[in-house]
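Novice: Sharing a structure with you now.
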Amino acid sequence: MRPPSVDALARELVDVGLPHPLLVDAARAAIAAGDPGSARPRAERMALDLLHPVVNATGVLLHTNLGRAPLQHDQPASYSNLELDLASGRRGSRNKHAAALLARAVDAEAALVVNNGAAAVLLVLAALARGRGVVVSRGELVEIGGGFRVPDVMAQSGARLVEVGTTNRTHRRDYERAVDEDTASSNDTASSNDSASSNDIALVLKVHQSNYRIVGFTAAVDVPDLVSLGPPVVVDLGSGLLDAATPWLAGGPPSWLHGEPAVRQTLAAGAALVTFSGDKLLGGPQAGVIAGRADLVAACASHPLARALRPGALVLSALQDTALAYLRRDGGAIPFWRLATVPVDHLRRRAASLGVGTPADTVAIAGAGSLPGLEIPSAGIVVDGDITDRLRAHDPPVVARTRDGRTVLDLRTVEASDDAVVAKAVTAACT
């Protein structure tokens, strides 16, 4: 039997909603496989692989696979004054918008925005420590998702890693010894060569263990004790909590935030720079922020890598909206904080009103390597069996989790306006 023409088969798929060239690809692949009937599922899979809004019912507030912090940002089709000083009409700086607002929010002299948290660390090390030593505790040589390892990033930056302490215990004397020995070695080299050595200590780097905990017989050195060593102290906080006092929340800090270090307090303790992510506890778009001393931020901004790592206007506009919400002390305007702080009783009432599944208390988590081991009380519904595949096939997709052979839909990560979608998806999946 003669196979159908590629074009004719592609035209039968028009209701899938993909552009014609993609339908042609699906039709051609199906015919080549000797199975023209597979053209439709191939096209539908193409459509499924595109970016879609989804309903997150996993209970993971910062779900890396779902884009981390939920982002709410609308922008008209227009130009912007990204690098134009409207007052003078001359070229401006993209650091005068979101970056300046974030600096104000954490009481920093200056700030710089790059495209993610790893880029912030890379740029700081390349700009301030290339060819020189950076002291890091062995207990803070972390790896986060995607293979980001502090030693690897340091190697790419050209800085020299100086490890101190042990996995579980590092003391101030360990840092002192590294700084003193390296300085003495540099002085000896300079004397013998009659020129300055490049092997001295440029920075002390402290990395927050944001995605794991070491408990038991442990010791670490706080920022104030590191500052007196001499070299500038850079702290990678990663998770991006701006202020431990959470002035944007009417009820103050929730209990599950206890002990999480914050940018404002870390800078106040004497850190020269703090780096953090934009799409974790900050609740904004994917970005990396460098905040602290103006001279060090300027050195980072003038480094050649800064241009390669800078974000575009869309990210900066969304980050500006997030920063303005913090300065207004309007946590409700930031979806992450709005979801994270809904009282459990409200979630229980919503679960009961869905009319599907069995209401149950659940436990949510921050996710994305933030607040490891800490649980956030929550509520939702459970359904017998694993219906997660059918929920993901719903329009819009609903993403849930399974536990003990049952499907759990946690409302901590669901906007109240999406409750009807959850109910409809569960009903369809159980029919």
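Convention: chains lettered A, B, ... in structure tokens order; per-chain residue numbering from 1; ligands numbered from 1 as shown.
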Which of range 2-203 of chain A end up as strand (DSSP E or B) when DSSP is run on this backbone - answer as JSON, numbers by chain?

Specialist: {"A": [55, 56, 60, 63, 68, 84, 91, 110, 111, 112, 113, 114, 133, 134, 135, 136, 137, 143, 144, 148, 149, 160, 161, 162, 163, 164, 169, 201, 202, 203]}

Novice: Keeping N, CA and C atoms, export the residues of the selection given above as a short mmCIF file (atom, residue, chain, number, x, y, z; two decimals), in the first residue's frame.

Specialist:
```cif
data_model
loop_
_atom_site.label_atom_id
_atom_site.label_comp_id
_atom_site.auth_asym_id
_atom_site.auth_seq_id
_atom_site.Cartn_x
_atom_site.Cartn_y
_atom_site.Cartn_z
N VAL A 55 0.02 23.40 36.98
CA VAL A 55 -0.41 23.56 38.36
C VAL A 55 0.49 22.67 39.22
N ASN A 56 1.20 23.27 40.15
CA ASN A 56 2.14 22.55 41.00
C ASN A 56 1.41 22.09 42.26
N VAL A 60 6.19 21.20 46.83
CA VAL A 60 7.56 21.73 46.76
C VAL A 60 7.46 23.15 46.23
N HIS A 63 10.23 24.30 43.09
CA HIS A 63 10.46 23.05 42.37
C HIS A 63 11.34 23.34 41.16
N ARG A 68 11.33 26.65 39.61
CA ARG A 68 11.56 27.22 40.94
C ARG A 68 10.45 28.20 41.33
N LEU A 84 19.26 53.65 29.13
CA LEU A 84 19.08 55.06 28.79
C LEU A 84 18.75 55.84 30.04
N ARG A 91 23.48 57.66 27.57
CA ARG A 91 23.50 56.24 27.87
C ARG A 91 23.50 56.03 29.37
N ALA A 110 26.18 48.71 46.88
CA ALA A 110 25.90 48.52 45.45
C ALA A 110 25.52 47.07 45.21
N ALA A 111 24.99 46.82 44.02
CA ALA A 111 24.64 45.45 43.64
C ALA A 111 24.77 45.30 42.14
N LEU A 112 24.91 44.06 41.71
CA LEU A 112 25.03 43.72 40.29
C LEU A 112 24.21 42.47 40.05
N VAL A 113 23.47 42.44 38.93
CA VAL A 113 22.65 41.28 38.59
C VAL A 113 23.27 40.54 37.41
N VAL A 114 23.40 39.23 37.55
CA VAL A 114 23.86 38.36 36.46
C VAL A 114 22.80 37.30 36.22
N GLY A 133 44.85 33.18 45.86
CA GLY A 133 44.23 32.18 46.71
C GLY A 133 42.88 32.61 47.27
N VAL A 134 41.99 31.63 47.42
CA VAL A 134 40.70 31.84 48.06
C VAL A 134 40.53 30.75 49.12
N VAL A 135 40.36 31.15 50.36
CA VAL A 135 40.27 30.20 51.46
C VAL A 135 38.82 29.75 51.64
N VAL A 136 38.60 28.42 51.66
CA VAL A 136 37.27 27.84 51.84
C VAL A 136 37.36 26.67 52.81
N SER A 137 36.41 26.58 53.71
CA SER A 137 36.34 25.42 54.60
C SER A 137 36.00 24.16 53.81
N GLU A 143 28.34 20.74 46.39
CA GLU A 143 27.83 20.51 45.05
C GLU A 143 26.33 20.67 45.11
N ILE A 144 25.76 21.44 44.18
CA ILE A 144 24.32 21.58 44.10
C ILE A 144 23.85 20.92 42.80
N PHE A 148 26.97 21.69 39.78
CA PHE A 148 27.70 22.89 40.20
C PHE A 148 28.51 22.55 41.44
N ARG A 149 29.84 22.59 41.32
CA ARG A 149 30.72 22.32 42.44
C ARG A 149 31.63 23.53 42.67
N ARG A 160 42.76 30.22 42.98
CA ARG A 160 43.42 29.04 43.56
C ARG A 160 42.73 28.65 44.86
N LEU A 161 42.23 27.44 44.93
CA LEU A 161 41.52 26.95 46.11
C LEU A 161 42.50 26.65 47.23
N VAL A 162 42.22 27.19 48.40
CA VAL A 162 42.99 26.90 49.61
C VAL A 162 42.01 26.30 50.61
N GLU A 163 42.06 24.98 50.78
CA GLU A 163 41.14 24.28 51.67
C GLU A 163 41.64 24.34 53.10
N VAL A 164 40.69 24.54 54.04
CA VAL A 164 41.05 24.54 55.46
C VAL A 164 40.04 23.73 56.24
N ARG A 169 34.39 19.99 60.95
CA ARG A 169 34.82 21.02 61.91
C ARG A 169 35.91 21.90 61.30
N ILE A 201 46.56 35.52 49.41
CA ILE A 201 45.13 35.26 49.59
C ILE A 201 44.33 36.49 49.16
N ALA A 202 43.43 36.28 48.23
CA ALA A 202 42.60 37.39 47.75
C ALA A 202 41.30 37.50 48.53
N LEU A 203 40.69 36.36 48.86
CA LEU A 203 39.37 36.35 49.48
C LEU A 203 39.26 35.20 50.47
#
```

Novice: Which neighbours of Ala420 in chain A fall inside 12 Å, counting only C-alpha atoms, when residues of the same chain fewer than 5 positions from it are skipped, and could you give them as a ChimeraX atom specification?

Specialist: /A:55,350-351,353-356,396,398,411,414-415,425-427

Novice: Please report, as a compact mmCIF listing (two decimals) with C-alpha atoms, in the first residue's frame, each residue of range 69-208 of chain A to which DSSP assigns alpha helix (DSSP H) when run on this structure's backbone.

Specialist:
```txt
# COMPACT_ATOMS: atom_id res chain seq x y z
CA ALA A 98 16.64 46.16 39.77
CA ALA A 99 20.21 46.05 41.10
CA ALA A 100 19.93 49.45 42.78
CA LEU A 101 16.60 48.51 44.35
CA LEU A 102 17.97 45.25 45.73
CA ALA A 103 20.98 47.08 47.14
CA ARG A 104 18.59 49.45 48.91
CA ALA A 105 16.55 46.53 50.24
CA VAL A 106 19.57 44.93 51.94
CA GLY A 117 23.62 32.22 41.21
CA ALA A 118 26.52 30.17 39.87
CA ALA A 119 27.41 33.01 37.52
CA ALA A 120 27.53 35.40 40.48
CA VAL A 121 30.10 33.22 42.26
CA LEU A 122 32.11 32.71 39.05
CA LEU A 123 32.24 36.43 38.31
CA VAL A 124 33.29 37.39 41.84
CA LEU A 125 36.12 34.86 41.81
CA ALA A 126 37.29 35.79 38.30
CA ALA A 127 37.20 39.52 38.95
CA LEU A 128 38.69 39.57 42.43
CA ALA A 129 40.84 36.46 42.80
CA VAL A 150 32.59 25.07 44.25
CA PRO A 151 36.06 23.65 43.35
CA ASP A 152 35.12 23.39 39.66
CA VAL A 153 33.79 26.94 39.51
CA MET A 154 36.90 28.18 41.27
CA ALA A 155 39.11 26.40 38.74
CA GLN A 156 37.22 27.98 35.85
CA SER A 157 37.60 31.41 37.43
CA ARG A 172 39.18 30.30 63.05
CA ARG A 173 42.76 29.14 63.61
CA ASP A 174 42.49 27.08 60.41
CA TYR A 175 41.72 30.22 58.43
CA GLU A 176 44.43 32.18 60.29
CA ARG A 177 47.04 29.57 59.47
CA ALA A 178 46.10 29.58 55.77
CA VAL A 179 46.23 33.37 55.53
CA ASP A 180 49.48 33.67 57.49
CA GLU A 181 51.28 30.83 55.68
CA ASP A 182 50.23 32.05 52.26
CA THR A 183 51.23 35.61 53.07
CA ALA A 184 54.62 34.45 54.34
CA SER A 185 55.14 32.34 51.23
CA SER A 186 54.27 35.31 49.05
CA ASN A 187 56.69 37.57 50.90
CA ASP A 188 59.50 35.03 50.52
CA THR A 189 58.80 34.73 46.81
CA ALA A 190 58.68 38.48 46.39
CA SER A 191 61.99 38.91 48.22
CA SER A 192 63.79 36.28 46.18
CA ASN A 193 62.38 37.45 42.85
```

Novice: What separation in Å, quoted to one decimal, exists between CA of Asp389 in chain A and CA of Ala43 in chain A?

Specialist: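 Result for CA of Asp389 in chain A versus CA of Ala43 in chain A: 18.5 Å, one decimal.
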
Novice: I need the residue nearest Thr58 in chain A from this list: A:Val382, A:Val297, A:Val399, A:Ala428. Use only C-alpha atoms for the distance.

Specialist: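 Among the listed residues, A:Val399 lies closest to Thr58 in chain A.
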
Novice: For Ala308 in chain A, find every residue with an atom within 10 Å (counting only C-alpha atoms), except residues of its own chain fewer than 2 positions away, and show them as a VMD selection string.

Specialist: chain A and resid 114 to 115 119 303 to 306 310 to 311

Novice: For the selection you just gave me, I'd like the residues written to a file as a short mmCIF file (atom, residue, chain, number, x, y, z; two decimals), in the first residue's frame, keeping N, CA and C atoms.

Specialist:
```
data_model
loop_
_atom_site.label_atom_id
_atom_site.label_comp_id
_atom_site.auth_asym_id
_atom_site.auth_seq_id
_atom_site.Cartn_x
_atom_site.Cartn_y
_atom_site.Cartn_z
N VAL A 114 23.40 39.23 37.55
CA VAL A 114 23.86 38.36 36.46
C VAL A 114 22.80 37.30 36.22
N ASN A 115 23.10 36.31 35.37
CA ASN A 115 22.01 35.44 34.93
C ASN A 115 21.67 34.27 35.84
N ALA A 119 26.71 31.96 38.25
CA ALA A 119 27.41 33.01 37.52
C ALA A 119 27.90 34.10 38.47
N HIS A 303 34.55 43.60 34.72
CA HIS A 303 35.25 42.42 34.22
C HIS A 303 34.62 41.97 32.90
N PRO A 304 35.42 41.46 31.96
CA PRO A 304 34.88 41.04 30.66
C PRO A 304 33.76 40.00 30.76
N LEU A 305 33.81 39.15 31.79
CA LEU A 305 32.76 38.14 31.94
C LEU A 305 31.39 38.74 32.26
N ALA A 306 31.38 39.94 32.82
CA ALA A 306 30.11 40.54 33.23
C ALA A 306 29.15 40.69 32.06
N ARG A 310 25.40 38.81 31.84
CA ARG A 310 24.33 39.73 32.22
C ARG A 310 22.97 39.21 31.72
N PRO A 311 21.90 39.50 32.45
CA PRO A 311 20.56 39.12 32.01
C PRO A 311 19.97 40.16 31.08
#
```

Novice: Do you have the CA of Pro343 in chain A-CA of Thr266 in chain A distance handy?

Specialist: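 Between CA of Pro343 in chain A and CA of Thr266 in chain A the gap is 29.4 Å.
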
Novice: Which of these, A:Pro231, A:Gly92, A:Gly131, A:Pro76, has the shortest distance to Gly158 in chain A once you count only C-alpha atoms?

Specialist: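 Under the stated criterion, the closest residue is A:Gly131.
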
Novice: Can I get the residues of range 215-238 of chain A within 12 Å of range 359-380 of chain A, each with the closest pair of atoms and their distance in Å to one decimal, using only C-alpha atoms, sorted chain first then ascending number, as a Markdown table?

Specialist:
```
| residue | atom | partner | partner_atom | distance |
| --- | --- | --- | --- | --- |
| A:Val215 | CA | A:Gly373 | CA | 11.4 |
| A:Leu237 | CA | A:Ser370 | CA | 9.9 |
| A:Gly238 | CA | A:Ser370 | CA | 8.1 |
```

Novice: Quick one: of A:Ile290, A:Ala400, A:Leu347, A:Leu249, who's nearest to Gly331 in chain A, counting only C-alpha atoms?

Specialist: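 The answer is A:Leu249, which sits nearest to Gly331 in chain A.
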
Novice: Can you tell me which residues surround Val234 in chain A at a distance of at most 8 Å, considering only C-alpha atoms, apart from same-chain residues fewer than 2 positions away, and format the answer as a count of residues only?

Specialist: 11
